[in-house]
$ cat start_35.csv   # CSV, C-alpha atoms
chain,number,residue,atom,x,y,z
J,877,MET,CA,-84.0,-156.8,73.2
J,878,TRP,CA,-80.1,-156.8,73.0
J,879,TYR,CA,-78.4,-156.2,69.7
J,880,PRO,CA,-74.6,-156.6,69.2
J,881,ASN,CA,-72.9,-153.3,68.5
J,882,LYS,CA,-70.2,-152.6,65.9
J,883,THR,CA,-67.3,-153.6,68.2
J,884,LEU,CA,-68.8,-157.0,68.9
J,885,LEU,CA,-69.5,-157.5,65.2
J,886,ALA,CA,-65.9,-156.6,64.3
J,887,TRP,CA,-64.7,-159.2,66.9
J,888,LEU,CA,-66.9,-161.8,65.4
J,889,LEU,CA,-65.7,-161.2,61.9
J,890,VAL,CA,-62.0,-161.4,63.0
J,891,LEU,CA,-62.7,-164.7,64.8
J,892,VAL,CA,-64.6,-166.2,61.9
J,893,ALA,CA,-61.7,-165.2,59.5
J,894,GLY,CA,-59.2,-166.7,61.9
J,895,ALA,CA,-61.2,-169.9,62.2
J,896,THR,CA,-61.1,-170.5,58.5
J,897,SER,CA,-58.4,-173.0,57.7
J,898,VAL,CA,-55.8,-172.1,55.1
J,899,ARG,CA,-54.7,-175.0,52.9
J,900,ALA,CA,-50.9,-175.3,52.4
J,901,GLU,CA,-51.3,-176.9,49.0
J,902,VAL,CA,-48.3,-176.8,46.7
J,903,LYS,CA,-48.8,-173.8,44.3
J,904,VAL,CA,-47.7,-173.2,40.7
J,905,GLY,CA,-44.2,-171.8,40.6
J,906,ALA,CA,-43.3,-173.4,43.9
J,907,PRO,CA,-40.8,-176.2,44.2
J,908,PHE,CA,-42.3,-179.7,44.3
J,909,PRO,CA,-41.4,-181.9,47.3
J,910,GLU,CA,-38.6,-184.3,46.6
J,911,LEU,CA,-40.0,-187.7,45.5
J,912,ALA,CA,-37.1,-189.9,46.2
J,913,ALA,CA,-37.3,-189.1,49.9
J,914,SER,CA,-40.8,-190.5,50.1
J,915,PHE,CA,-40.2,-193.8,48.3
J,916,VAL,CA,-37.1,-195.3,49.9
J,917,GLY,CA,-36.3,-198.4,48.0
J,918,GLY,CA,-38.8,-197.6,45.2
J,919,THR,CA,-37.8,-197.2,41.6
J,920,LEU,CA,-38.4,-193.8,40.1
J,921,PRO,CA,-37.7,-193.0,36.5
J,922,ALA,CA,-35.1,-190.3,35.5
J,923,ARG,CA,-36.7,-186.9,35.5
J,924,GLU,CA,-33.8,-184.6,34.6
J,925,GLY,CA,-34.6,-182.5,31.5
J,926,ARG,CA,-38.1,-184.2,31.1
J,927,VAL,CA,-41.6,-182.9,31.5
J,928,VAL,CA,-43.1,-184.8,34.4
J,929,LEU,CA,-46.7,-185.3,35.4
J,930,ILE,CA,-47.2,-186.5,38.9
J,931,ASP,CA,-50.7,-187.8,39.5
J,932,PHE,CA,-52.1,-188.5,42.9
J,933,TRP,CA,-54.8,-191.2,42.8
J,934,ALA,CA,-56.5,-193.9,44.8
J,935,THR,CA,-58.1,-197.2,44.1
J,936,TRP,CA,-61.4,-196.1,45.8
J,937,CYS,CA,-61.7,-193.0,43.5
J,938,SER,CA,-63.8,-193.5,40.4
J,939,PRO,CA,-62.4,-190.6,38.3
J,940,CYS,CA,-58.9,-192.0,39.0
J,941,LYS,CA,-60.0,-195.3,37.4
J,942,ALA,CA,-61.3,-193.4,34.4
J,943,SER,CA,-58.0,-191.5,34.0
J,944,PHE,CA,-55.8,-194.6,33.7
J,945,PRO,CA,-56.6,-195.6,30.1
J,946,PHE,CA,-56.0,-192.0,29.0
J,947,TYR,CA,-52.7,-191.9,30.9
J,948,ASN,CA,-51.6,-195.1,29.3
J,949,ALA,CA,-52.2,-193.6,25.8
J,950,LEU,CA,-50.5,-190.3,26.8
J,951,GLN,CA,-47.4,-192.1,28.1
J,952,THR,CA,-47.1,-194.2,25.0
J,953,GLU,CA,-47.6,-191.2,22.7
J,954,LEU,CA,-45.4,-188.6,24.4
J,955,ALA,CA,-42.7,-190.5,26.3
J,956,PRO,CA,-40.4,-190.5,23.2
J,957,ARG,CA,-40.6,-186.7,23.2
J,958,GLY,CA,-39.4,-186.4,26.8
J,959,PHE,CA,-42.5,-186.9,28.9
J,960,THR,CA,-42.6,-188.9,32.1
J,961,LEU,CA,-45.7,-189.8,34.1
J,962,ILE,CA,-45.5,-190.9,37.7
J,963,ALA,CA,-48.7,-192.0,39.4
J,964,VAL,CA,-48.6,-191.9,43.2
J,965,SER,CA,-51.3,-194.0,44.9
J,966,VAL,CA,-52.4,-192.8,48.3
J,967,ASP,CA,-53.8,-196.2,49.3
J,968,GLU,CA,-52.7,-197.2,52.7
J,969,LYS,CA,-53.4,-200.9,52.0
J,970,ALA,CA,-51.1,-202.7,49.5
J,971,GLY,CA,-53.7,-205.3,48.4
J,972,PRO,CA,-56.2,-203.0,46.6
J,973,TYR,CA,-53.3,-201.1,45.0
J,974,GLU,CA,-51.7,-204.3,43.7
J,975,ASP,CA,-55.0,-205.6,42.3
J,976,PHE,CA,-55.6,-202.3,40.6
J,977,VAL,CA,-52.2,-202.2,39.0
J,978,LYS,CA,-52.7,-205.8,37.8
J,979,ARG,CA,-56.1,-204.9,36.3
J,980,PHE,CA,-55.2,-201.7,34.6
J,981,LYS,CA,-51.6,-202.6,33.6
J,982,PRO,CA,-50.2,-199.0,33.5
J,983,THR,CA,-47.4,-198.3,31.0
J,984,PHE,CA,-46.1,-195.6,33.3
J,985,THR,CA,-44.5,-195.7,36.7
J,986,THR,CA,-46.8,-196.2,39.7
J,987,VAL,CA,-45.7,-196.0,43.3
J,988,ARG,CA,-47.6,-196.2,46.5
J,989,ASP,CA,-47.4,-193.5,49.2
J,990,GLY,CA,-48.5,-196.0,51.8
J,991,ASP,CA,-47.8,-193.8,54.9
J,992,GLN,CA,-49.2,-190.8,53.0
J,993,LYS,CA,-46.1,-188.8,53.7
J,994,LEU,CA,-45.7,-187.2,50.3
J,995,VAL,CA,-49.4,-186.5,49.8
J,996,SER,CA,-49.6,-184.8,53.2
J,997,SER,CA,-46.8,-182.5,52.2
J,998,VAL,CA,-48.4,-181.7,48.8
J,999,GLN,CA,-52.0,-181.5,50.1
J,1000,PRO,CA,-54.0,-181.9,46.9
J,1001,ALA,CA,-57.5,-180.4,47.0
J,1002,ALA,CA,-59.2,-183.5,45.6
J,1003,MET,CA,-58.6,-187.0,44.2
J,1004,PRO,CA,-57.2,-187.2,41.6
J,1005,THR,CA,-55.0,-184.2,41.3
J,1006,CYS,CA,-52.0,-184.0,39.0
J,1007,TYR,CA,-49.0,-181.7,39.0
J,1008,LEU,CA,-47.2,-180.8,35.8
J,1009,LEU,CA,-43.5,-179.9,36.1
J,1010,ASP,CA,-41.5,-178.5,33.2
J,1011,ARG,CA,-38.0,-179.6,32.1
J,1012,HIS,CA,-36.4,-177.6,34.9
J,1013,GLY,CA,-38.6,-179.2,37.6
J,1014,VAL,CA,-40.7,-176.0,38.1
J,1015,LEU,CA,-44.4,-176.7,38.8
J,1016,ARG,CA,-46.4,-175.2,35.9
J,1017,LEU,CA,-49.9,-176.6,36.3
J,1018,VAL,CA,-52.1,-178.1,39.0
J,1019,HIS,CA,-55.2,-180.0,37.8
J,1020,SER,CA,-57.8,-181.5,40.1
J,1021,GLY,CA,-60.3,-184.1,39.0
J,1022,PHE,CA,-60.7,-186.0,35.8
J,1023,HIS,CA,-63.9,-185.5,33.7
J,1024,GLY,CA,-63.1,-187.6,30.7
J,1025,ASP,CA,-62.1,-186.3,27.3
J,1026,ALA,CA,-62.3,-182.6,28.0
J,1027,ASP,CA,-59.8,-182.9,30.8
J,1028,GLY,CA,-57.7,-185.2,28.7
J,1029,ARG,CA,-57.5,-182.8,25.9
J,1030,LYS,CA,-56.6,-179.9,28.2
J,1031,LEU,CA,-53.8,-181.9,29.9
J,1032,ARG,CA,-52.4,-183.1,26.6
J,1033,ALA,CA,-52.3,-179.6,25.2
J,1034,GLU,CA,-50.5,-178.3,28.3
J,1035,ILE,CA,-47.9,-181.1,28.2
J,1036,ILE,CA,-47.2,-180.6,24.5
J,1037,LYS,CA,-46.8,-176.9,25.2
J,1038,LEU,CA,-44.1,-177.6,27.8
J,1039,LEU,CA,-42.5,-180.2,25.5
J,1040,ASP,CA,-42.2,-177.6,22.8
J,1041,GLU,CA,-40.4,-175.2,25.0
J,1042,LYS,CA,-36.7,-174.9,24.5
J,1043,PRO,CA,-34.7,-176.8,27.2
V,951,MET,CA,-70.8,-151.2,82.5
V,952,LYS,CA,-68.5,-151.1,79.4
V,953,PHE,CA,-66.5,-154.1,80.5
V,954,SER,CA,-69.5,-156.2,81.1
V,955,ALA,CA,-71.3,-155.2,78.0
V,956,ILE,CA,-68.5,-155.4,75.4
V,957,ILE,CA,-65.2,-156.8,76.6
V,958,LEU,CA,-66.5,-159.7,78.6
V,959,PRO,CA,-68.8,-161.1,75.9
V,960,SER,CA,-65.9,-160.6,73.4
V,961,LEU,CA,-63.5,-162.5,75.6
V,962,LEU,CA,-66.0,-165.3,76.0
V,963,LEU,CA,-66.5,-165.4,72.3
V,964,VAL,CA,-62.7,-165.6,71.8
V,965,CYS,CA,-62.5,-168.6,74.2
V,966,ALA,CA,-65.5,-170.3,72.5
V,967,VAL,CA,-64.4,-169.8,68.9
V,968,SER,CA,-60.6,-169.9,69.1
V,969,GLY,CA,-60.8,-173.7,69.2
V,970,CYS,CA,-62.1,-173.7,65.6
V,971,SER,CA,-58.8,-172.4,64.3
V,972,SER,CA,-56.7,-175.1,66.0
V,973,ALA,CA,-54.6,-177.1,63.7
V,974,LYS,CA,-55.1,-180.1,65.9
V,975,LEU,CA,-58.7,-180.4,64.9
V,976,THR,CA,-59.4,-183.6,62.9
V,977,ARG,CA,-60.2,-182.8,59.3
V,978,VAL,CA,-60.7,-185.6,56.8
V,979,GLN,CA,-58.4,-184.8,53.9
V,980,PRO,CA,-59.2,-185.8,50.3
V,981,TRP,CA,-56.6,-188.6,50.4
V,982,GLU,CA,-58.0,-190.0,53.7
V,983,ARG,CA,-61.5,-190.8,52.3
V,984,ALA,CA,-61.0,-194.5,51.6
V,985,THR,CA,-63.3,-195.5,54.4
V,986,LEU,CA,-66.0,-193.0,53.4
V,987,ALA,CA,-65.8,-194.2,49.8
V,988,ASP,CA,-66.3,-197.8,50.8
V,989,TYR,CA,-69.4,-199.6,49.4
V,990,THR,CA,-70.7,-200.2,53.0
V,991,MET,CA,-71.0,-196.4,53.5
V,992,ARG,CA,-73.5,-196.1,50.6
V,993,PRO,CA,-77.0,-195.4,52.0
V,994,ASP,CA,-78.6,-197.3,49.1
V,995,ARG,CA,-76.4,-200.4,49.3
V,996,ASP,CA,-79.3,-202.6,50.4
V,997,SER,CA,-82.0,-202.4,47.7
V,998,LEU,CA,-84.6,-204.2,49.9
V,999,HIS,CA,-84.1,-201.8,52.7
V,1000,THR,CA,-84.3,-198.8,50.3
V,1001,ALA,CA,-87.6,-200.1,48.9
V,1002,MET,CA,-89.0,-200.6,52.4
V,1003,SER,CA,-87.9,-197.1,53.4
V,1004,GLU,CA,-89.5,-195.6,50.3
V,1005,HIS,CA,-92.7,-197.4,51.0
V,1006,ILE,CA,-92.9,-196.2,54.6
V,1007,TYR,CA,-92.0,-192.7,53.5
V,1008,PHE,CA,-94.7,-192.8,50.8
V,1009,SER,CA,-97.3,-194.2,53.2
V,1010,ARG,CA,-96.6,-191.5,55.8
V,1011,GLU,CA,-95.9,-188.4,53.6
V,1012,ALA,CA,-97.9,-189.3,50.4
V,1013,SER,CA,-94.8,-188.5,48.4
V,1014,SER,CA,-91.9,-190.4,47.1
V,1015,GLY,CA,-88.6,-189.9,45.4
V,1016,GLY,CA,-86.1,-187.0,45.9
V,1017,ARG,CA,-83.6,-189.3,47.6
V,1018,GLY,CA,-81.0,-189.4,44.9
V,1019,VAL,CA,-77.6,-187.9,45.6
V,1020,GLY,CA,-74.8,-188.2,43.1
V,1021,GLY,CA,-71.5,-189.8,44.1
V,1022,SER,CA,-70.3,-191.6,47.2
V,1023,GLY,CA,-68.6,-190.3,50.2
V,1024,CYS,CA,-65.1,-190.1,48.7
V,1025,GLY,CA,-65.5,-186.4,47.7
V,1026,CYS,CA,-64.0,-187.1,44.3
V,1027,ASN,CA,-64.4,-184.0,42.2

$ encode --input "start_35.csv" --output "structure tokens"
Amino acid sequence: MWYPNKTLLAWLLVLVAGATSVRAEVKVGAPFPELAASFVGGTLPAREGRVVLIDFWATWCSPCKASFPFYNALQTELAPRGFTLIAVSVDEKAGPYEDFVKRFKPTFTTVRDGDQKLVSSVQPAAMPTCYLLDRHGVLRLVHSGFHGDADGRKLRAEIIKLLDEKP
Amino acid sequence: MKFSAIILPSLLLVCAVSGCSSAKLTRVQPWERATLADYTMRPDRDSLHTAMSEHIYFSREASSGGRGVGGSGCGCN
């Protein structure tokens, strides 16, 4: 019977390590890709000096649906303190996106990344994933998924912490 | 002897596995799962078909259940 020796096993380990794909997701502390370049003609709110939450979502994603009522309340509560929420849909088709927006009536800005250019450069690990930027535009938190009240409380606390920081 | 026993298999292994690290391989990303999350992709979308399958399985294996899997194909969370 033939058994692989140490050299062959070492080769195998190197190959398996090399075959593992490395995600190029945007990390905390790194600059966030420019939004305006991805939505030519779209209307984006002013972000200078504000705490910004950028949420990637899709109409076919159930947790995303669950997050919208929470985000509506969050925007209403914290916008006067300098908070801005931008929800970026990754839907390729306009129809489901427009129906969703009509149904949920978001009080915050929603845009559609129809050609998935922005989401491809950000590479979120799951749907939904949100990115929290401080008043200087530095990425401070990445949060994947939405599991109801527990996630809502956590996000709200992080946003308030950034709002309380001195500009 | 050494070439055929170690280096040659290693080279063959490199050729075989190196394709796995190619960036050109198609990987379904989280934002590309709209089709997978569609209702028509659910295995239990037809209740009559599910009931018939369950009945056949029970008749054949004398056991039932154990089919339930949470979530759809979208990979959300």

$ atom_distance --input "start_35.csv" --atom1 "CA of Arg1029 in chain J" --atom2 "CA of Ala963 in chain J"
18.6 Å

$ residues_around --input "start_35.csv" --residues "range 1011-1016 of chain V" --least-positions-apart "6" --cutoff "12 Å" --atoms "all atoms listed in the file" --output "VMD selection string"
chain V and resid 1000 to 1005

$ residues_near_point --input "start_35.csv" --point "(-48.2, -188.0, 26.3)" --cutoff "8 Å" --atoms "all atoms listed in the file" --output "VMD selection string"
chain J and resid 947 949 to 955 959 1032 1035 to 1036

$ closest_residue --input "start_35.csv" --among "V:Glu982, V:Leu963, V:His999, V:Thr976" --to "Gln999 in chain J" --atoms "only C-alpha atoms"
V:Glu982

$ atom_distance --input "start_35.csv" --atom1 "CA of Ile962 in chain J" --atom2 "CA of Lys1042 in chain J"
22.5 Å

$ closest_residue --input "start_35.csv" --among "J:Ala1002, J:Arg979, J:Leu920, J:Ser996" --to "Phe1022 in chain J" --atoms "only C-alpha atoms"
J:Ala1002

$ residues_around --input "start_35.csv" --residues "Pro1000 in chain J" --least-positions-apart "5" --cutoff "12 Å" --atoms "all atoms listed in the file" --output "VMD selection string"
(chain J and resid 899 to 903 930 to 933 964 966 992 994 to 995 1005 to 1007 1018 to 1021) or (chain V and resid 979 to 982 1026 to 1027)

$ atom_distance --input "start_35.csv" --atom1 "CA of Asp1025 in chain J" --atom2 "CA of Ala906 in chain J"
28.2 Å

$ closest_residue --input "start_35.csv" --among "J:Pro939, J:Gly958, J:Pro972, J:Pro909" --to "Asp1040 in chain J" --atoms "only C-alpha atoms"
J:Gly958
